[in-house]
$ cat my_file.cif   # mmCIF, C-alpha atoms and all ligand atoms
data_work
#
loop_
_atom_site.label_atom_id
_atom_site.label_comp_id
_atom_site.auth_asym_id
_atom_site.auth_seq_id
_atom_site.Cartn_x
_atom_site.Cartn_y
_atom_site.Cartn_z
CA MET R 14 -6.03 25.78 34.61
CA ILE R 15 -7.62 29.16 33.99
CA ASP R 16 -10.79 27.68 35.54
CA ASN R 17 -8.98 27.48 38.88
CA ILE R 18 -8.49 31.22 38.99
CA VAL R 19 -10.61 33.07 41.48
CA ILE R 20 -11.34 36.76 41.02
CA ARG R 21 -12.01 38.28 44.41
CA PRO R 22 -11.50 41.44 46.47
CA PRO R 23 -8.06 41.59 48.05
CA LEU R 24 -7.60 40.42 51.63
CA PRO R 25 -5.72 42.81 53.91
CA ALA R 26 -2.56 40.67 53.80
CA ASP R 27 -2.55 40.49 49.99
CA HIS R 28 -0.76 43.84 49.78
CA LEU R 29 2.57 42.05 50.20
CA GLU R 30 2.00 39.81 47.17
CA ILE R 31 0.46 42.63 45.17
CA ALA R 32 3.51 44.80 45.83
CA ALA R 33 5.82 41.95 44.78
CA LEU R 34 3.74 41.36 41.64
CA ILE R 35 4.05 44.99 40.56
CA GLN R 36 7.75 45.20 41.46
CA ASN R 37 8.45 42.15 39.31
CA LEU R 38 6.73 43.76 36.31
CA ILE R 39 8.56 47.09 36.53
CA PRO R 40 11.85 46.21 34.78
CA ARG R 41 10.39 44.53 31.72
CA TYR R 42 6.90 45.96 31.31
CA LEU R 43 6.31 49.15 33.25
CA SER R 44 9.61 50.93 32.53
CA ARG R 45 9.27 51.18 28.75
CA GLU R 46 9.88 54.79 27.65
CA VAL R 47 9.99 55.82 31.32
CA THR R 48 12.86 57.97 32.61
CA PRO R 49 14.96 56.92 35.62
CA GLU R 50 13.01 59.43 37.71
CA GLY R 51 9.78 57.79 36.58
CA VAL R 52 11.09 54.31 37.37
CA ALA R 53 12.08 55.46 40.85
CA ILE R 54 8.55 56.77 41.39
CA LEU R 55 7.03 53.50 40.18
CA ARG R 56 9.29 51.52 42.51
CA ALA R 57 8.44 53.72 45.48
CA GLN R 58 4.71 53.45 44.80
CA ALA R 59 4.94 49.66 44.55
CA GLN R 60 6.41 49.18 48.02
CA PRO R 61 4.19 47.19 50.41
CA GLY R 62 3.52 50.25 52.59
CA PRO R 63 2.02 52.49 49.90
CA VAL R 64 0.19 49.55 48.30
CA GLY R 65 -1.32 48.55 51.65
CA ALA R 66 -2.31 52.13 52.42
CA ARG R 67 -4.06 52.54 49.07
CA LEU R 68 -5.89 49.26 49.48
CA ASN R 69 -6.75 49.36 53.14
CA GLY R 70 -7.10 53.07 53.84
CA ILE R 71 -9.24 53.16 56.94
CA ALA R 72 -11.66 55.92 56.02
CA ASP R 73 -11.22 56.05 52.27
CA PRO R 74 -9.17 53.49 50.33
CA THR R 75 -7.68 55.15 47.25
CA TRP R 76 -7.96 51.92 45.26
CA SER R 77 -11.59 50.89 45.35
CA PRO R 78 -13.01 48.73 43.99
CA ALA R 79 -10.00 46.45 43.74
CA LEU R 80 -9.75 42.81 42.67
CA VAL R 81 -7.10 40.13 42.69
CA ALA R 82 -6.83 37.05 40.53
CA ALA R 83 -5.64 34.15 42.67
CA THR R 84 -4.79 30.57 42.01
CA GLY R 85 -4.55 28.65 45.25
CA SER R 86 -2.74 30.93 47.66
CA ARG R 87 -0.84 32.78 44.91
CA VAL R 88 -1.93 36.21 43.70
CA ILE R 89 -1.32 36.28 39.94
CA GLY R 90 -3.19 39.42 39.02
CA PHE R 91 -4.36 42.69 40.47
CA GLY R 92 -6.57 45.52 39.30
CA ALA R 93 -7.94 48.62 40.95
CA VAL R 94 -10.11 51.65 40.28
CA ARG R 95 -9.72 55.11 41.71
CA GLY R 96 -11.95 58.13 41.46
CA GLY R 97 -15.01 56.03 40.76
CA THR R 98 -14.45 55.10 37.12
CA HIS R 99 -10.70 55.12 36.36
CA ILE R 100 -8.72 51.87 36.25
CA THR R 101 -5.47 52.91 37.87
CA GLN R 102 -3.85 49.47 38.24
CA LEU R 103 -3.88 46.35 36.12
CA HIS R 104 -1.13 43.79 36.49
CA VAL R 105 -0.81 40.10 35.65
CA ALA R 106 2.16 37.92 36.59
CA GLU R 107 4.40 37.34 33.60
CA ASP R 108 3.88 33.58 33.52
CA TRP R 109 0.13 34.17 33.18
CA HIS R 110 0.16 36.76 30.41
CA GLY R 111 -2.09 36.22 27.44
CA ARG R 112 -4.42 33.77 29.18
CA GLY R 113 -7.39 36.00 29.80
CA VAL R 114 -6.61 37.00 33.38
CA GLY R 115 -6.29 40.71 32.60
CA ALA R 116 -9.55 40.71 30.68
CA ARG R 117 -11.31 38.96 33.56
CA LEU R 118 -10.01 41.53 36.02
CA VAL R 119 -11.12 44.38 33.76
CA ARG R 120 -14.54 42.84 33.37
CA GLY R 121 -14.84 42.42 37.14
CA LEU R 122 -13.74 45.99 37.79
CA ILE R 123 -16.17 47.40 35.27
CA GLU R 124 -19.02 45.36 36.71
CA ALA R 125 -18.12 46.67 40.17
CA VAL R 126 -18.03 50.23 38.83
CA GLN R 127 -21.43 49.68 37.26
CA GLN R 128 -22.87 48.55 40.57
CA ARG R 129 -21.51 51.59 42.40
CA HIS R 130 -22.16 54.09 39.63
CA PRO R 131 -25.08 52.85 37.53
CA ALA R 132 -25.09 56.06 35.50
CA ALA R 133 -21.41 55.76 34.48
CA GLU R 134 -21.16 55.33 30.72
CA THR R 135 -17.39 55.02 30.37
CA VAL R 136 -14.43 53.65 32.28
CA THR R 137 -11.00 55.18 31.64
CA LEU R 138 -7.34 54.22 32.09
CA GLY R 139 -3.86 55.37 31.14
CA ALA R 140 -2.07 52.62 29.23
CA VAL R 141 1.66 52.09 29.43
CA PRO R 142 3.13 51.65 25.92
CA GLY R 143 3.46 47.88 26.24
CA ALA R 144 -0.17 47.38 27.25
CA LEU R 145 -1.77 49.43 24.48
CA THR R 146 -2.55 46.48 22.21
CA ALA R 147 -3.99 44.40 25.03
CA TYR R 148 -6.34 47.23 25.97
CA LEU R 149 -7.37 47.74 22.34
CA ARG R 150 -8.21 44.04 22.19
CA MET R 151 -10.31 44.40 25.33
CA GLY R 152 -12.34 47.17 23.68
CA PHE R 153 -10.68 50.35 24.99
CA VAL R 154 -10.03 53.19 22.54
CA PRO R 155 -7.50 56.04 22.77
CA VAL R 156 -9.21 59.31 23.61
CA ARG R 157 -6.48 61.95 23.88
CA PRO R 158 -2.77 62.34 23.16
CA ARG R 159 -0.32 60.58 25.43
CA TRP R 160 0.59 62.35 28.67
CA ARG R 161 3.94 62.42 30.40
CA TRP R 162 4.29 63.12 34.11
CA ARG R 163 7.70 63.07 35.83
CA GLY R 164 9.03 60.65 33.27
CA ILE R 165 6.05 58.30 33.27
CA VAL R 166 3.98 58.00 30.09
CA GLY R 167 0.36 57.03 29.63
CA GLN R 168 -2.10 56.77 26.77
CA PRO R 169 -5.57 57.89 27.90
CA MET R 170 -8.12 55.30 26.82
CA GLN R 171 -11.74 54.60 27.57
CA ILE R 172 -14.33 51.93 27.06
CA ARG R 173 -18.07 52.30 26.97
CA VAL R 174 -19.32 50.17 29.83
CA SER R 175 -21.93 48.56 27.63
CA ASN R 176 -19.20 47.50 25.18
CA LEU R 177 -17.32 45.33 27.62
CA ILE R 178 -20.36 43.87 29.29
CA HIS R 179 -21.91 42.82 26.01
CA ARG R 180 -18.93 42.53 23.66
CA LYS R 181 -18.15 38.90 24.22
CA ALA R 182 -18.80 36.09 26.61
CA PRO R 183 -16.17 35.30 29.27
CA ARG R 184 -13.37 33.22 27.92
CA PRO R 185 -14.27 29.58 28.53
CA ALA R 186 -10.91 27.90 28.86
CA ILE R 187 -7.18 28.11 28.59
CA ARG R 188 -5.67 28.60 25.17
CA GLN R 189 -3.69 25.97 23.39
CA LYS R 190 -0.20 26.60 24.70
CA SER R 191 2.67 24.30 25.35
CA ARG R 192 2.82 25.24 29.04
CA GLY R 193 1.07 22.57 31.03
CA ARG R 194 -0.91 24.39 33.67
C1 LIG T 201 -1.41 44.27 30.06
C2 LIG T 201 -1.83 43.04 30.88
C3 LIG T 201 -2.51 43.51 32.16
C4 LIG T 201 -2.83 42.23 30.06
O1 LIG T 201 -3.24 41.13 30.83
P1 LIG T 201 -3.28 39.66 30.18
O2 LIG T 201 -3.86 38.74 31.16
O3 LIG T 201 -1.93 39.33 29.66
O4 LIG T 201 -4.29 39.92 28.97
P2 LIG T 201 -5.40 38.91 28.41
O5 LIG T 201 -4.82 37.54 28.28
O6 LIG T 201 -6.64 39.06 29.21
O7 LIG T 201 -5.60 39.47 26.95
C5 LIG T 201 -6.66 40.36 26.58
C6 LIG T 201 -6.55 40.60 25.10
O8 LIG T 201 -5.36 41.32 24.82
C7 LIG T 201 -4.50 40.57 23.96
N1 LIG T 201 -3.14 40.77 24.44
C8 LIG T 201 -2.68 40.59 25.70
N2 LIG T 201 -1.38 40.91 25.77
C9 LIG T 201 -1.02 41.28 24.52
C10 LIG T 201 0.20 41.73 23.95
N3 LIG T 201 1.31 41.87 24.69
N4 LIG T 201 0.21 42.03 22.64
C11 LIG T 201 -0.89 41.91 21.91
N5 LIG T 201 -2.10 41.51 22.39
C12 LIG T 201 -2.14 41.19 23.69
C13 LIG T 201 -4.96 39.14 24.09
O9 LIG T 201 -4.66 38.40 22.94
C14 LIG T 201 -6.45 39.31 24.30
O10 LIG T 201 -7.08 39.57 23.06
P3 LIG T 201 -8.23 38.57 22.50
O11 LIG T 201 -9.26 38.45 23.59
O12 LIG T 201 -8.74 39.26 21.31
O13 LIG T 201 -7.53 37.29 22.25
C15 LIG T 201 -0.62 42.13 31.24
O14 LIG T 201 0.02 41.74 30.06
C16 LIG T 201 0.37 42.79 32.17
O15 LIG T 201 0.24 42.70 33.38
N6 LIG T 201 1.43 43.43 31.64
C17 LIG T 201 2.48 44.00 32.45
C18 LIG T 201 1.98 45.13 33.33
C19 LIG T 201 1.26 46.17 32.53
O16 LIG T 201 1.68 46.60 31.48
N7 LIG T 201 0.12 46.63 33.08
C20 LIG T 201 -0.69 47.65 32.46
C21 LIG T 201 -0.42 48.96 33.13
S1 LIG T 201 -1.35 50.26 32.31
#
$ encode --input "my_file.cif" --output "structure tokens"
Amino acid sequence: MIDNIVIRPPLPADHLEIAALIQNLIPRYLSREVTPEGVAILRAQAQPGPVGARLNGIADPTWSPALVAATGSRVIGFGAVRGGTHITQLHVAEDWHGRGVGARLVRGLIEAVQQRHPAAETVTLGAVPGALTAYLRMGFVPVRPRWRWRGIVGQPMQIRVSNLIHRKAPRPAIRQKSRGR
């Protein structure tokens, strides 16, 4: 049930599951239009070491705030902000796609940004090609042409903080799908 999902800050040991979550998404979702060099960079960045360092950096974690979506002991989603107002990570396990987990993580991240930076009007991200529609549905809009860096592509998008907070109420329940969860 979607109601059993907890959105919470990551625990130190979660970096192992978060790394596995991202690694699993690379072949099908994160590699689209990405060169082999780009894929190698994505794989390297998604190793437990770099993920743990970005989450648990002693003086200054690179990914902060960060949130996981967990059901029981399983981490099924992960999102993180860097630089104050930029969502740099958003990942949901494939078997949970389309059930509102990503939107809940985004909402949680934006609320956390708002608490830390009350004057922030917008939150930004760089969407991979396959995630563009999902972000549009969440209220993000493209703001500049796509960038390409070492074979990785991203569509700069932003959302006005007030849009997400007030756009719609949290999703109440799981959608009608044949999967019995
Ligand atoms: C992109 C991603 C994070 C979205 O998370 P999610 O939990 O599947 O998304 P949600 O269920 O919260 O959906 C939010 C909205 O986007 C829509 N949506 C989600 N995935 C979609 C898709 N592939 N195509 C079209 N619309 C989609 C939903 O219908 C929903 O719209 P609605 O509220 O109007 O019904 C997730 O699919 C994912 O992890 N993908 C692989 C990794 C990835 O691409 N990460 C992004 C890196 S920039």
$ residues_near_ligand --input "my_file.cif" --ligand "ligand LIG 201 (chain T)" --cutoff "6 Å" --atoms "all atoms listed in the file" --output "PyMOL selection string"
chain R and resi 38+42-43+103-105+110-116+139-141+143-144+146-147+150-151
$ residues_around --input "my_file.cif" --residues "segment 93-102 of chain R" --least-positions-apart "5" --cutoff "6 Å" --atoms "all atoms listed in the file" --output "mmCIF file with C-alpha atoms, in the frame of the given file"
data_model
loop_
_atom_site.group_PDB
_atom_site.id
_atom_site.type_symbol
_atom_site.label_atom_id
_atom_site.label_comp_id
_atom_site.auth_asym_id
_atom_site.auth_seq_id
_atom_site.Cartn_x
_atom_site.Cartn_y
_atom_site.Cartn_z
ATOM 1 C CA THR R 75 -7.680 55.150 47.250
ATOM 2 C CA TRP R 76 -7.960 51.920 45.260
ATOM 3 C CA SER R 77 -11.590 50.890 45.350
ATOM 4 C CA PRO R 78 -13.010 48.730 43.990
ATOM 5 C CA ALA R 79 -10.000 46.450 43.740
ATOM 6 C CA VAL R 136 -14.430 53.650 32.280
ATOM 7 C CA THR R 137 -11.000 55.180 31.640
ATOM 8 C CA LEU R 138 -7.340 54.220 32.090
#
$ closest_residue --input "my_file.cif" --among "R:Glu124, R:Glu30, R:Glu107, R:Glu46" --to "Asn176 of chain R" --atoms "only C-alpha atoms"
R:Glu124
$ axis_aligned_box --input "my_file.cif" --around "segment 107-120 of chain R" --padding-each-side "5 Å" --output "AutoDock Vina command-line options"
--center_x -5.1 --center_y 39.0 --center_z 31.7 --size_x 28.9 --size_y 20.8 --size_z 18.6
$ residues_around --input "my_file.cif" --residues "Leu118 of chain R" --least-positions-apart "5" --cutoff "8 Å" --atoms "all atoms listed in the file" --output "list in words"
Ile20, Leu80, Val81, Ala82, Gly90, Phe91, Gly92 and Leu103 of chain R
$ closest_residue --input "my_file.cif" --among "R:Glu134, R:Pro142, R:Pro74, R:Val174" --to "Val119 of chain R" --atoms "all atoms listed in the file"
R:Val174
$ closest_residue --input "my_file.cif" --among "R:Arg173, R:Arg161, R:Arg87, R:Asp73" --to "Gln127 of chain R" --atoms "all atoms listed in the file"
R:Arg173
$ closest_residue --input "my_file.cif" --among "R:Pro23, R:Arg41, R:Ile35, R:Ala83" --to "Arg56 of chain R" --atoms "only C-alpha atoms"
R:Ile35
$ residues_around --input "my_file.cif" --residues "Arg157 of chain R" --least-positions-apart "4" --cutoff "10 Å" --atoms "only C-alpha atoms" --output "PyMOL selection string"
chain R and resi 168-171
$ closest_residue --input "my_file.cif" --among "R:Val47, R:Ala26, R:Ala132, R:Val19" --to "Pro61 of chain R" --atoms "only C-alpha atoms"
R:Ala26
$ closest_residue --input "my_file.cif" --among "R:Val88, R:Arg163, R:Ala59, R:Pro49" --to "Pro22 of chain R" --atoms "all atoms listed in the file"
R:Val88
$ atom_distance --input "my_file.cif" --atom1 "atom CA of Ala33 of chain R" --atom2 "atom CA of Val64 of chain R"
10.1 Å
$ atom_distance --input "my_file.cif" --atom1 "atom CA of Ala133 of chain R" --atom2 "atom CA of Val156 of chain R"
16.7 Å
$ atom_distance --input "my_file.cif" --atom1 "atom CA of Gln58 of chain R" --atom2 "atom CA of Gln36 of chain R"
9.4 Å
